[in-house]
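Colleague: File name model37.txt; file contents compact mmCIF, C-alpha atoms and all ligand atoms; full text below.
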```
# COMPACT_ATOMS: atom_id res chain seq x y z
CA MET W 1 -54.48 -24.27 -34.94
CA ILE W 2 -54.62 -20.58 -35.88
CA MET W 3 -51.92 -19.78 -38.41
CA SER W 4 -49.82 -16.66 -38.08
CA GLY W 5 -49.21 -16.40 -41.85
CA SER W 6 -51.86 -13.77 -42.70
CA ALA W 7 -50.29 -10.44 -43.41
CA HIS W 8 -53.18 -8.44 -41.91
CA VAL W 9 -55.21 -9.53 -38.91
CA LEU W 10 -58.10 -7.07 -39.16
CA LYS W 11 -59.06 -7.33 -35.49
CA ASP W 12 -55.59 -6.08 -34.54
CA MET W 13 -56.51 -2.74 -36.12
CA THR W 14 -58.18 0.22 -34.49
CA PHE W 15 -60.84 1.85 -36.69
CA ARG W 16 -58.37 4.45 -37.91
CA GLU W 17 -55.79 1.79 -38.79
CA LEU W 18 -58.45 -0.15 -40.70
CA GLU W 19 -59.36 3.00 -42.66
CA GLU W 20 -55.69 3.45 -43.61
CA TYR W 21 -55.48 -0.18 -44.70
CA VAL W 22 -58.65 0.04 -46.81
CA VAL W 23 -57.38 3.22 -48.49
CA SER W 24 -54.05 1.47 -49.18
CA LEU W 25 -56.07 -1.10 -51.18
CA GLY W 26 -57.40 1.70 -53.37
CA GLU W 27 -60.86 1.69 -51.75
CA LYS W 28 -62.95 4.50 -50.29
CA LYS W 29 -62.70 5.15 -46.55
CA PHE W 30 -66.34 4.27 -45.89
CA ARG W 31 -65.60 0.60 -46.67
CA ALA W 32 -63.75 0.48 -43.36
CA LYS W 33 -66.98 1.31 -41.54
CA GLN W 34 -68.79 -1.57 -43.28
CA ILE W 35 -66.01 -4.02 -42.49
CA PHE W 36 -65.65 -2.88 -38.86
CA LYS W 37 -69.40 -3.14 -38.22
CA ARG W 38 -69.90 -6.59 -39.76
CA MET W 39 -66.71 -7.97 -38.25
CA TYR W 40 -67.83 -7.05 -34.75
CA GLU W 41 -71.30 -8.41 -35.44
CA GLY W 42 -69.52 -11.75 -35.81
CA ALA W 43 -68.74 -12.14 -39.53
CA SER W 44 -65.62 -14.26 -39.79
CA SER W 45 -64.96 -14.78 -43.51
CA ALA W 46 -64.93 -12.54 -46.59
CA ASP W 47 -68.00 -14.38 -48.00
CA GLU W 48 -70.13 -12.96 -45.20
CA PHE W 49 -69.41 -9.36 -46.27
CA THR W 50 -72.08 -9.35 -48.94
CA ASP W 51 -72.24 -5.54 -48.98
CA LEU W 52 -68.61 -5.27 -50.20
CA PRO W 53 -67.64 -5.32 -53.88
CA LYS W 54 -66.46 -8.74 -55.10
CA LYS W 55 -62.97 -7.42 -55.93
CA LEU W 56 -62.45 -6.17 -52.37
CA ARG W 57 -63.78 -9.40 -50.87
CA GLU W 58 -61.32 -11.41 -52.95
CA ARG W 59 -58.45 -9.16 -51.92
CA LEU W 60 -59.36 -9.51 -48.23
CA GLU W 61 -59.71 -13.27 -48.61
CA GLU W 62 -56.21 -13.39 -50.07
CA GLU W 63 -54.28 -11.26 -47.64
CA ALA W 64 -56.31 -10.61 -44.49
CA SER W 65 -57.75 -12.62 -41.65
CA PHE W 66 -60.95 -11.80 -39.76
CA SER W 67 -60.36 -14.12 -36.81
CA ALA W 68 -57.52 -14.07 -34.34
CA VAL W 69 -58.64 -16.94 -32.09
CA LYS W 70 -60.31 -20.30 -32.79
CA MET W 71 -62.46 -22.23 -30.33
CA ARG W 72 -60.91 -25.52 -29.20
CA THR W 73 -63.22 -26.57 -26.36
CA ARG W 74 -66.22 -25.24 -24.49
CA GLN W 75 -67.69 -26.28 -21.12
CA ILE W 76 -71.16 -25.20 -20.03
CA SER W 77 -72.08 -25.11 -16.35
CA PHE W 78 -75.54 -25.89 -14.96
CA ASP W 79 -75.81 -22.18 -14.04
CA GLY W 80 -75.22 -21.09 -17.67
CA THR W 81 -71.59 -20.04 -17.22
CA ARG W 82 -69.55 -20.98 -20.28
CA LYS W 83 -65.85 -21.55 -20.26
CA TYR W 84 -63.89 -21.51 -23.52
CA LEU W 85 -60.42 -22.55 -24.55
CA PHE W 86 -59.25 -20.72 -27.68
CA ASP W 87 -56.29 -21.57 -29.89
CA VAL W 88 -54.06 -18.65 -30.80
CA ALA W 89 -51.22 -18.43 -33.35
CA GLY W 90 -48.09 -20.35 -32.46
CA GLY W 91 -49.88 -23.35 -30.95
CA ASP W 92 -50.83 -21.82 -27.60
CA ALA W 93 -54.26 -21.51 -26.02
CA VAL W 94 -56.08 -19.05 -23.74
CA GLU W 95 -59.29 -19.09 -21.72
CA SER W 96 -62.39 -16.90 -21.58
CA VAL W 97 -65.45 -17.24 -19.35
CA LEU W 98 -68.96 -15.94 -20.08
CA MET W 99 -71.11 -15.28 -17.01
CA HIS W 100 -74.62 -14.02 -16.55
CA TYR W 101 -75.40 -11.32 -13.99
CA LYS W 102 -78.52 -9.27 -13.28
CA TYR W 103 -77.10 -6.46 -15.37
CA GLY W 104 -76.29 -8.62 -18.43
CA TRP W 105 -73.61 -10.88 -19.88
CA SER W 106 -70.05 -10.36 -18.78
CA VAL W 107 -66.98 -11.99 -20.30
CA CYS W 108 -63.68 -12.52 -18.54
CA ILE W 109 -60.85 -12.56 -21.09
CA SER W 110 -57.14 -13.37 -21.12
CA SER W 111 -54.37 -10.94 -22.00
CA GLN W 112 -51.42 -13.32 -22.28
CA ALA W 113 -50.75 -16.99 -23.00
CA GLY W 114 -49.40 -17.97 -19.58
CA CYS W 115 -48.10 -15.51 -17.03
CA ARG W 116 -44.74 -14.69 -15.50
CA MET W 117 -46.05 -13.21 -12.24
CA GLY W 118 -45.97 -16.59 -10.47
CA CYS W 119 -48.74 -16.04 -7.88
CA ALA W 120 -48.68 -19.05 -5.58
CA PHE W 121 -52.40 -19.90 -5.78
CA CYS W 122 -52.80 -19.58 -9.55
CA ALA W 123 -52.89 -22.27 -12.23
CA SER W 124 -52.16 -19.79 -15.02
CA GLY W 125 -48.63 -19.07 -13.94
CA ILE W 126 -47.54 -22.69 -13.44
CA SER W 127 -45.67 -22.95 -16.74
CA GLY W 128 -44.65 -19.30 -16.96
CA LEU W 129 -45.29 -16.88 -19.81
CA SER W 130 -45.50 -18.21 -23.33
CA ARG W 131 -46.27 -14.86 -25.01
CA SER W 132 -48.40 -11.73 -24.83
CA LEU W 133 -51.59 -11.62 -26.92
CA THR W 134 -52.09 -9.15 -29.74
CA ALA W 135 -54.92 -6.61 -29.50
CA GLY W 136 -56.89 -8.72 -32.01
CA GLU W 137 -56.50 -11.87 -29.93
CA ILE W 138 -57.74 -10.01 -26.86
CA VAL W 139 -60.78 -8.54 -28.62
CA ASP W 140 -61.66 -11.64 -30.65
CA GLN W 141 -62.32 -13.61 -27.45
CA ILE W 142 -65.31 -11.30 -26.85
CA VAL W 143 -66.60 -11.62 -30.43
CA SER W 144 -66.20 -15.42 -30.50
CA VAL W 145 -67.85 -15.97 -27.11
CA SER W 146 -70.73 -13.68 -28.02
CA ARG W 147 -71.26 -15.38 -31.39
CA ASP W 148 -71.13 -18.87 -29.88
CA ALA W 149 -73.58 -18.08 -27.06
CA GLY W 150 -75.84 -15.87 -29.19
CA GLU W 151 -75.74 -13.20 -26.48
CA ARG W 152 -74.65 -9.57 -26.51
CA VAL W 153 -71.76 -8.99 -24.13
CA SER W 154 -72.24 -5.78 -22.16
CA HIS W 155 -69.37 -6.04 -19.67
CA VAL W 156 -65.74 -7.11 -19.99
CA VAL W 157 -63.22 -7.96 -17.29
CA VAL W 158 -59.59 -8.48 -18.25
CA MET W 159 -58.95 -10.93 -15.45
CA GLY W 160 -58.26 -14.24 -17.23
CA ILE W 161 -54.83 -15.70 -17.97
CA GLY W 162 -51.96 -13.21 -17.83
CA GLU W 163 -51.11 -9.88 -16.25
CA PRO W 164 -52.74 -7.24 -18.49
CA PHE W 165 -50.28 -4.49 -17.51
CA ASP W 166 -47.41 -6.77 -18.60
CA ASN W 167 -48.90 -6.37 -22.11
CA TYR W 168 -49.76 -2.70 -21.73
CA ASP W 169 -49.71 -1.32 -25.29
CA ASN W 170 -51.76 -4.15 -26.81
CA LEU W 171 -54.19 -3.89 -23.88
CA ILE W 172 -54.75 -0.17 -24.51
CA ASN W 173 -55.34 -0.80 -28.24
CA ALA W 174 -57.74 -3.64 -27.43
CA ILE W 175 -59.73 -1.41 -25.07
CA GLU W 176 -59.92 1.27 -27.73
CA ILE W 177 -61.26 -1.30 -30.23
CA MET W 178 -63.81 -2.89 -27.86
CA HIS W 179 -65.06 0.55 -26.83
CA ASP W 180 -65.49 1.89 -30.40
CA GLU W 181 -69.21 2.35 -31.01
CA ARG W 182 -68.83 1.53 -34.71
CA GLY W 183 -68.00 -2.03 -33.55
CA LEU W 184 -68.64 -3.67 -30.18
CA GLY W 185 -69.50 -0.38 -28.47
CA ILE W 186 -68.78 -1.58 -24.93
CA GLY W 187 -68.89 1.39 -22.56
CA SER W 188 -65.56 2.21 -20.89
CA ARG W 189 -67.26 2.08 -17.52
CA ASN W 190 -68.29 -1.51 -18.26
CA ILE W 191 -64.68 -2.57 -18.81
CA THR W 192 -62.47 -3.53 -15.85
CA VAL W 193 -58.79 -4.39 -15.90
CA SER W 194 -57.25 -6.42 -13.11
CA THR W 195 -53.61 -6.18 -12.11
CA CYS W 196 -51.53 -8.02 -9.53
CA GLY W 197 -49.95 -4.67 -8.71
CA LEU W 198 -47.60 -3.25 -11.36
CA VAL W 199 -47.38 0.14 -9.67
CA ASP W 200 -45.78 2.10 -12.53
CA LYS W 201 -48.60 1.00 -14.87
CA ILE W 202 -51.33 1.94 -12.38
CA TYR W 203 -50.14 5.57 -12.58
CA ARG W 204 -50.06 5.38 -16.39
CA PHE W 205 -53.45 3.72 -16.66
CA ALA W 206 -55.10 6.41 -14.53
CA GLU W 207 -53.92 8.98 -17.09
CA ASP W 208 -54.54 6.90 -20.24
CA MET W 209 -57.89 5.28 -19.42
CA PRO W 210 -59.59 7.23 -16.60
CA GLN W 211 -63.05 5.86 -17.47
CA VAL W 212 -62.05 2.19 -17.32
CA GLY W 213 -62.40 0.30 -14.04
CA LEU W 214 -59.41 -1.02 -12.11
CA ALA W 215 -59.22 -4.08 -9.88
CA VAL W 216 -56.09 -4.76 -7.86
CA SER W 217 -55.23 -8.22 -6.54
CA LEU W 218 -54.16 -7.67 -2.95
CA HIS W 219 -54.71 -11.08 -1.32
CA ALA W 220 -52.92 -10.08 1.88
CA PRO W 221 -53.06 -7.43 4.60
CA ASN W 222 -49.27 -6.97 4.81
CA ASP W 223 -46.01 -7.54 2.95
CA ASP W 224 -45.06 -10.67 4.94
CA ILE W 225 -48.13 -12.60 3.81
CA ARG W 226 -48.05 -11.05 0.33
CA HIS W 227 -44.43 -12.23 -0.10
CA LYS W 228 -45.64 -15.82 0.39
CA LEU W 229 -48.34 -15.48 -2.26
CA MET W 230 -47.26 -12.92 -4.84
CA PRO W 231 -43.66 -12.48 -6.06
CA ILE W 232 -44.55 -9.00 -7.40
CA SER W 233 -44.62 -7.86 -3.74
CA TRP W 234 -40.80 -8.01 -3.70
CA ARG W 235 -40.72 -5.37 -6.46
CA TYR W 236 -43.43 -3.09 -5.02
CA SER W 237 -44.24 -2.91 -1.32
CA MET W 238 -47.84 -2.69 -0.15
CA ASP W 239 -47.27 0.93 0.87
CA GLU W 240 -46.16 1.79 -2.67
CA LEU W 241 -49.08 -0.14 -4.14
CA LEU W 242 -51.70 1.50 -1.92
CA LYS W 243 -50.19 4.93 -2.61
CA ALA W 244 -50.63 4.31 -6.37
CA CYS W 245 -54.22 3.16 -5.72
CA ARG W 246 -55.01 6.33 -3.76
CA ASP W 247 -53.54 8.36 -6.59
CA TYR W 248 -55.70 6.42 -9.08
CA THR W 249 -58.93 7.25 -7.24
CA ARG W 250 -57.86 10.89 -6.88
CA THR W 251 -57.18 11.19 -10.63
CA THR W 252 -60.16 9.19 -11.93
CA HIS W 253 -62.73 9.64 -9.12
CA ARG W 254 -63.44 5.96 -9.66
CA ARG W 255 -63.85 3.40 -6.90
CA ILE W 256 -61.14 0.78 -6.96
CA THR W 257 -61.85 -2.92 -6.39
CA PHE W 258 -59.47 -4.97 -4.28
CA GLU W 259 -59.48 -8.68 -4.97
CA TYR W 260 -58.73 -10.84 -1.95
CA ALA W 261 -58.59 -14.63 -2.31
CA LEU W 262 -59.40 -16.17 1.07
CA ILE W 263 -56.99 -19.02 1.76
CA ASP W 264 -57.55 -21.24 4.76
CA GLY W 265 -55.04 -20.52 7.52
CA ILE W 266 -52.94 -18.13 5.42
CA ASN W 267 -54.79 -14.81 5.16
CA ASP W 268 -58.34 -15.35 6.45
CA SER W 269 -58.14 -14.74 10.23
CA ASN W 270 -59.96 -11.97 12.11
CA GLU W 271 -56.56 -10.32 12.73
CA ASN W 272 -55.88 -10.34 8.99
CA ALA W 273 -59.26 -8.69 8.39
CA ALA W 274 -58.61 -6.02 11.05
CA GLU W 275 -55.17 -5.25 9.61
CA LEU W 276 -56.59 -4.97 6.10
CA ALA W 277 -59.37 -2.68 7.36
CA ALA W 278 -56.78 -0.39 8.96
CA ARG W 279 -54.75 -0.17 5.76
CA LEU W 280 -57.72 0.57 3.52
CA ARG W 281 -59.48 2.98 5.87
CA GLY W 282 -60.68 6.12 4.09
CA MET W 283 -60.10 4.76 0.57
CA LEU W 284 -62.72 4.87 -2.18
CA CYS W 285 -62.78 1.11 -2.58
CA HIS W 286 -64.65 -2.16 -2.49
CA VAL W 287 -63.21 -5.49 -1.40
CA ASN W 288 -64.13 -8.56 -3.39
CA LEU W 289 -63.52 -11.67 -1.30
CA ILE W 290 -62.99 -14.83 -3.32
CA PRO W 291 -62.90 -18.25 -1.67
CA VAL W 292 -59.71 -19.52 -3.33
CA ASN W 293 -60.21 -22.14 -6.03
CA SER W 294 -58.70 -25.50 -5.19
CA VAL W 295 -56.12 -26.25 -7.87
CA LYS W 296 -54.72 -29.79 -7.93
CA GLU W 297 -51.14 -28.55 -8.31
CA LYS W 298 -51.45 -26.16 -5.34
CA LYS W 299 -52.10 -26.98 -1.71
CA PHE W 300 -54.39 -24.09 -0.80
CA SER W 301 -58.02 -24.52 0.23
CA PRO W 302 -60.83 -21.96 0.58
CA GLY W 303 -61.67 -22.42 4.27
CA ARG W 304 -65.04 -22.19 5.97
CA ARG W 305 -67.87 -19.87 5.00
CA GLN W 306 -68.08 -18.46 8.58
CA ARG W 307 -64.52 -17.15 8.20
CA ALA W 308 -65.50 -15.27 5.06
CA ASP W 309 -68.62 -13.85 6.77
CA ALA W 310 -66.55 -12.67 9.74
CA PHE W 311 -64.08 -11.03 7.32
CA VAL W 312 -66.92 -9.10 5.65
CA ASP W 313 -68.22 -8.00 9.09
CA ILE W 314 -64.88 -6.71 10.30
CA LEU W 315 -64.29 -4.72 7.11
CA GLY W 316 -67.88 -3.43 7.21
CA ARG W 317 -67.47 -2.14 10.77
CA ALA W 318 -64.48 -0.13 9.56
CA GLY W 319 -66.64 1.42 6.81
CA ILE W 320 -65.25 -0.70 3.97
CA THR W 321 -67.78 -2.45 1.77
CA ALA W 322 -66.97 -6.04 0.99
CA THR W 323 -68.78 -8.91 -0.68
CA ILE W 324 -68.06 -12.59 -1.14
CA ARG W 325 -67.94 -13.38 -4.82
CA ARG W 326 -70.67 -15.70 -6.02
CA GLN W 327 -69.05 -18.83 -7.40
CA LEU W 328 -70.21 -19.24 -10.96
CA GLY W 329 -69.40 -22.34 -12.95
CA ALA W 330 -68.50 -24.34 -9.84
CA ASP W 331 -69.03 -27.63 -11.73
CA ILE W 332 -66.61 -26.79 -14.57
CA SER W 333 -62.90 -25.94 -14.55
CA ALA W 334 -63.66 -22.35 -13.67
CA ALA W 335 -60.44 -21.46 -11.86
CA CYS W 336 -58.36 -19.29 -14.14
CA GLY W 337 -55.86 -21.37 -16.10
CA GLN W 338 -57.26 -24.77 -15.15
CA LEU W 339 -58.76 -25.67 -18.50
CA ARG W 340 -55.58 -24.66 -20.35
CA LEU W 341 -53.51 -26.71 -17.91
CA GLN W 342 -55.76 -29.78 -18.29
CA GLU W 343 -55.54 -29.58 -22.07
CA SER W 344 -51.76 -29.29 -22.11
CA GLU W 345 -51.54 -32.26 -19.70
CA LYS W 346 -53.68 -34.29 -22.12
CA GLU W 347 -51.34 -33.35 -24.99
CA ASN W 348 -48.28 -34.40 -22.98
CA ARG W 349 -49.70 -37.81 -22.05
S1 LIG E 401 -53.09 -14.47 -10.53
FE1 LIG E 401 -52.96 -13.26 -12.43
S2 LIG E 401 -50.96 -12.21 -12.24
FE2 LIG E 401 -50.93 -13.89 -10.75
S3 LIG E 401 -49.96 -15.62 -11.85
FE3 LIG E 401 -52.19 -15.81 -12.11
S4 LIG E 401 -52.63 -14.79 -14.06
FE4 LIG E 401 -50.62 -14.10 -13.39
```
Starting from the file, lay out its structure as structure tokens.
Modeller:
Amino acid sequence: MIMSGSAHVLKDMTFRELEEYVVSLGEKKFRAKQIFKRMYEGASSADEFTDLPKKLRERLEEEASFSAVKMRTRQISFDGTRKYLFDVAGGDAVESVLMHYKYGWSVCISSQAGCRMGCAFCASGISGLSRSLTAGEIVDQIVSVSRDAGERVSHVVVMGIGEPFDNYDNLINAIEIMHDERGLGIGSRNITVSTCGLVDKIYRFAEDMPQVGLAVSLHAPNDDIRHKLMPISWRYSMDELLKACRDYTRTTHRRITFEYALIDGINDSNENAAELAARLRGMLCHVNLIPVNSVKEKKFSPGRRQRADAFVDILGRAGITATIRRQLGADISAACGQLRLQESEKENR
């Protein structure tokens, strides 16, 4: 278990905050650059900072911690996808998934332990929200996955357990840290945040992080179907949500991605596709169709491939690009929240 006793979790700090901390220890500012660089190369204990003076290493050993998450389990798929369960302070656990694409290695990370959004098809929300992750816990998933796999992560999607915009301030700090070229140096355009539709935060995010990508989980062509799947739809109607999305693309000039989980008999008919096409017409967007993952606790199933192909066709004829997401890690517990759920079931046996 990760202990929460350390006074200073270094990965919680932006570069500037680390500089202030180092100066408060009576050291020169440039030590912060050395620590930041080595820490994001994967060093996880004071011993590994051989370029620091012994006195500073001892001080850091005493009062600071370099790691914010600790690997509990790892599953590796036949296609190379790796799924991790990490312990975080307080006895909870979160998931991250490393996937390989043509353009490089991408990691999907969690922003909260659990989730209070309660989407009907999702394993992550089954036991509600335990707590939001700190910036360090968000960023350390990338460092730990990269170190374990021996691969450089070039892309990050914040699409694992939790609703990132429900942990907005820590998310923004984490993005600042992962983007800093003195550390991980992940380009803003290679970072994507996914929301289930917290409209007020979409407006804020467009102003705060215009270079970072946005994915919005839609999963329905209208409010009636969305009400059955996503409780957030009672707070923000689809009209309000799509208005915020249009505003986002106007402000950022960035294409928005709509996530749409295809669920047999619920939202995957030709009529559903035509209605969705009408609502998205003229938007700078891409639709990512995801055959829903079967989760033991939920009764939804992904439906037939022909349905998904027809959906793509109907959207395409309306000028909306859509693709069916390649299923990576199909042989492991790749559905978001499944591994965490399995582990907590084991503990409760
Ligand atoms: S789909 Fe995302 S927002 Fe919805 S319950 Fe799951 S983790 Fe939360």
Colleague: Show me which residues sit within 8 Å of ligand LIG 401 (chain E) when counting all atoms listed in the file, and put them as a PDB file with C-alpha atoms, in the frame of the given file.
Modeller:
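The resulting file, part_19.pdb, is reproduced below:
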```
ATOM      1  CA  GLY W 114     -49.400 -17.970 -19.580  1.00  0.00           C
ATOM      2  CA  CYS W 115     -48.100 -15.510 -17.030  1.00  0.00           C
ATOM      3  CA  ARG W 116     -44.740 -14.690 -15.500  1.00  0.00           C
ATOM      4  CA  MET W 117     -46.050 -13.210 -12.240  1.00  0.00           C
ATOM      5  CA  GLY W 118     -45.970 -16.590 -10.470  1.00  0.00           C
ATOM      6  CA  CYS W 119     -48.740 -16.040  -7.880  1.00  0.00           C
ATOM      7  CA  ALA W 120     -48.680 -19.050  -5.580  1.00  0.00           C
ATOM      8  CA  PHE W 121     -52.400 -19.900  -5.780  1.00  0.00           C
ATOM      9  CA  CYS W 122     -52.800 -19.580  -9.550  1.00  0.00           C
ATOM     10  CA  ALA W 123     -52.890 -22.270 -12.230  1.00  0.00           C
ATOM     11  CA  SER W 124     -52.160 -19.790 -15.020  1.00  0.00           C
ATOM     12  CA  GLY W 125     -48.630 -19.070 -13.940  1.00  0.00           C
ATOM     13  CA  ILE W 126     -47.540 -22.690 -13.440  1.00  0.00           C
ATOM     14  CA  MET W 159     -58.950 -10.930 -15.450  1.00  0.00           C
ATOM     15  CA  GLY W 160     -58.260 -14.240 -17.230  1.00  0.00           C
ATOM     16  CA  ILE W 161     -54.830 -15.700 -17.970  1.00  0.00           C
ATOM     17  CA  GLY W 162     -51.960 -13.210 -17.830  1.00  0.00           C
ATOM     18  CA  GLU W 163     -51.110  -9.880 -16.250  1.00  0.00           C
ATOM     19  CA  THR W 195     -53.610  -6.180 -12.110  1.00  0.00           C
ATOM     20  CA  CYS W 196     -51.530  -8.020  -9.530  1.00  0.00           C
ATOM     21  CA  SER W 217     -55.230  -8.220  -6.540  1.00  0.00           C
ATOM     22  CA  MET W 230     -47.260 -12.920  -4.840  1.00  0.00           C
ATOM     23  CA  CYS W 336     -58.360 -19.290 -14.140  1.00  0.00           C
ATOM     24  CA  GLY W 337     -55.860 -21.370 -16.100  1.00  0.00           C
TER      25      GLY W 337
END
```
Colleague: Just checking: using only C-alpha atoms, which residue out of W:Leu129, W:Ala135, W:Leu214, W:Leu85 ends up closest to Asn173 in chain W?
Modeller: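 When distances to Asn173 in chain W are compared using only C-alpha atoms, the smallest one comes from W:Ala135.
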Colleague: Have a look at W:Arg317, W:Lys299, W:Arg74, W:Lys11 and name the one nearest to Ala43 in chain W; count all atoms listed in the file.
Modeller: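 Once distances to Ala43 in chain W are computed over all atoms listed in the file, the minimum belongs to W:Lys11.
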Colleague: Please, what distance in Å, to one decimal, runs between CA of Ala310 in chain W and CA of Met238 in chain W?
Modeller: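 About the pair CA of Ala310 in chain W and CA of Met238 in chain W: they are 23.4 Å apart.
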Colleague: From the set W:Gly26, W:Phe86, W:His155, W:Lys201, which residue has the shortest atom-to-atom contact distance to Asn167 in chain W, counting all atoms listed in the file?
Modeller: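 Using all atoms listed in the file, the shortest distance to Asn167 in chain W belongs to W:Lys201.
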Colleague: Take CA of Leu289 in chain W and CA of Pro210 in chain W and report the distance between them in Å, one decimal.
Modeller: 24.6 Å
Colleague: Contacts of Ile290 in chain W at 9 Å or less, counting only C-alpha atoms, minus same-chain residues fewer than 5 places along, as a list in words?
Modeller: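 Counting only the stated atoms, we get Glu259, Tyr260, Ala261, Leu262, Ile263, Pro302, Ala308, Thr323, Ile324, Arg325, Arg326 and Gln327 of chain W.
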Colleague: Hey, can you pull every residue with an atom no more than 9 Å from (-49.9, -2.8, -4.1), using all atoms listed in the file, and send it as a VMD selection string?
Modeller: chain W and resid 196 to 199 216 to 218 232 to 233 236 to 245
Colleague: As an exercise, work out the distance from CA of Glu176 in chain W to CA of Met39 in chain W in Å and give it to one decimal place.
Modeller: 15.6 Å
Colleague: Could you please give me, as a PDB file with C-alpha atoms, in the frame of the given file, the residues of protein, DNA or RNA lying at most 6 Å from (-58.0, -5.1, -29.8) in the coordinate frame of the file, considering all atoms listed in the file?
Modeller:
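Result saved to part34.pdb:
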```pdb
ATOM      1  CA  ASP W  12     -55.590  -6.080 -34.540  1.00  0.00           C
ATOM      2  CA  ALA W 135     -54.920  -6.610 -29.500  1.00  0.00           C
ATOM      3  CA  GLY W 136     -56.890  -8.720 -32.010  1.00  0.00           C
ATOM      4  CA  ILE W 138     -57.740 -10.010 -26.860  1.00  0.00           C
ATOM      5  CA  VAL W 139     -60.780  -8.540 -28.620  1.00  0.00           C
ATOM      6  CA  ASN W 173     -55.340  -0.800 -28.240  1.00  0.00           C
ATOM      7  CA  ALA W 174     -57.740  -3.640 -27.430  1.00  0.00           C
ATOM      8  CA  ILE W 177     -61.260  -1.300 -30.230  1.00  0.00           C
TER       9      ILE W 177
END
```
Colleague: Please provide the set of residues having any atom within 6 Å of Thr81 in chain W, restricted to only C-alpha atoms, with same-chain residues fewer than 3 positions apart removed, written as a VMD selection string.
Modeller: chain W and resid 76 to 77 98 to 99 329
Colleague: Those same residues, written as a tab-separated table (two decimals), in the frame of the given file with C-alpha atoms?
Modeller:
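Result file follows (selection_19.tsv):
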```tsv
chain	number	residue	atom	x	y	z
W	76	ILE	CA	-71.16	-25.20	-20.03
W	77	SER	CA	-72.08	-25.11	-16.35
W	98	LEU	CA	-68.96	-15.94	-20.08
W	99	MET	CA	-71.11	-15.28	-17.01
W	329	GLY	CA	-69.40	-22.34	-12.95
```
Colleague: When you look at Trp105 in chain W with a cut-off of 12 Å (counting only C-alpha atoms), what residues show up, excluding the ones that are within fewer than 5 positions of it in the same chain? I need them as a PyMOL selection string.
Modeller: chain W and resi 80-82+97-100+142+145-146+149-157+186+190
Colleague: Between W:Leu52, W:Ile35, W:Leu10, W:Ile109, which has the minimum distance to Phe66 in chain W (counting all atoms listed in the file)?
Modeller: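 Of W:Leu52, W:Ile35, W:Leu10, W:Ile109, the one nearest Phe66 in chain W is W:Leu10, counting all atoms listed in the file.
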Colleague: Which residues are near Asp87 in chain W? Cut-off 12 Å, only C-alpha atoms, ignore same chain within fewer than 2 positions. Put them as number ranges by chain.
Modeller: W: 1-4, 67-74, 84-85, 89-96, 113, 133, 137, 140-141, 144, 340, 343-344
Colleague: Can you list, as a list of chain:residue names, every protein, DNA or RNA residue that comes within 9 Å of Cys285 in chain W when you count only C-alpha atoms, leaving out same-chain residues fewer than 3 positions away?
Modeller: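 Listing them by chain and then by number gives W:Thr249, W:Arg254, W:Arg255, W:Ile256, W:Thr257, W:Phe258, W:Leu280, W:Gly282, W:Ile320, W:Thr321.
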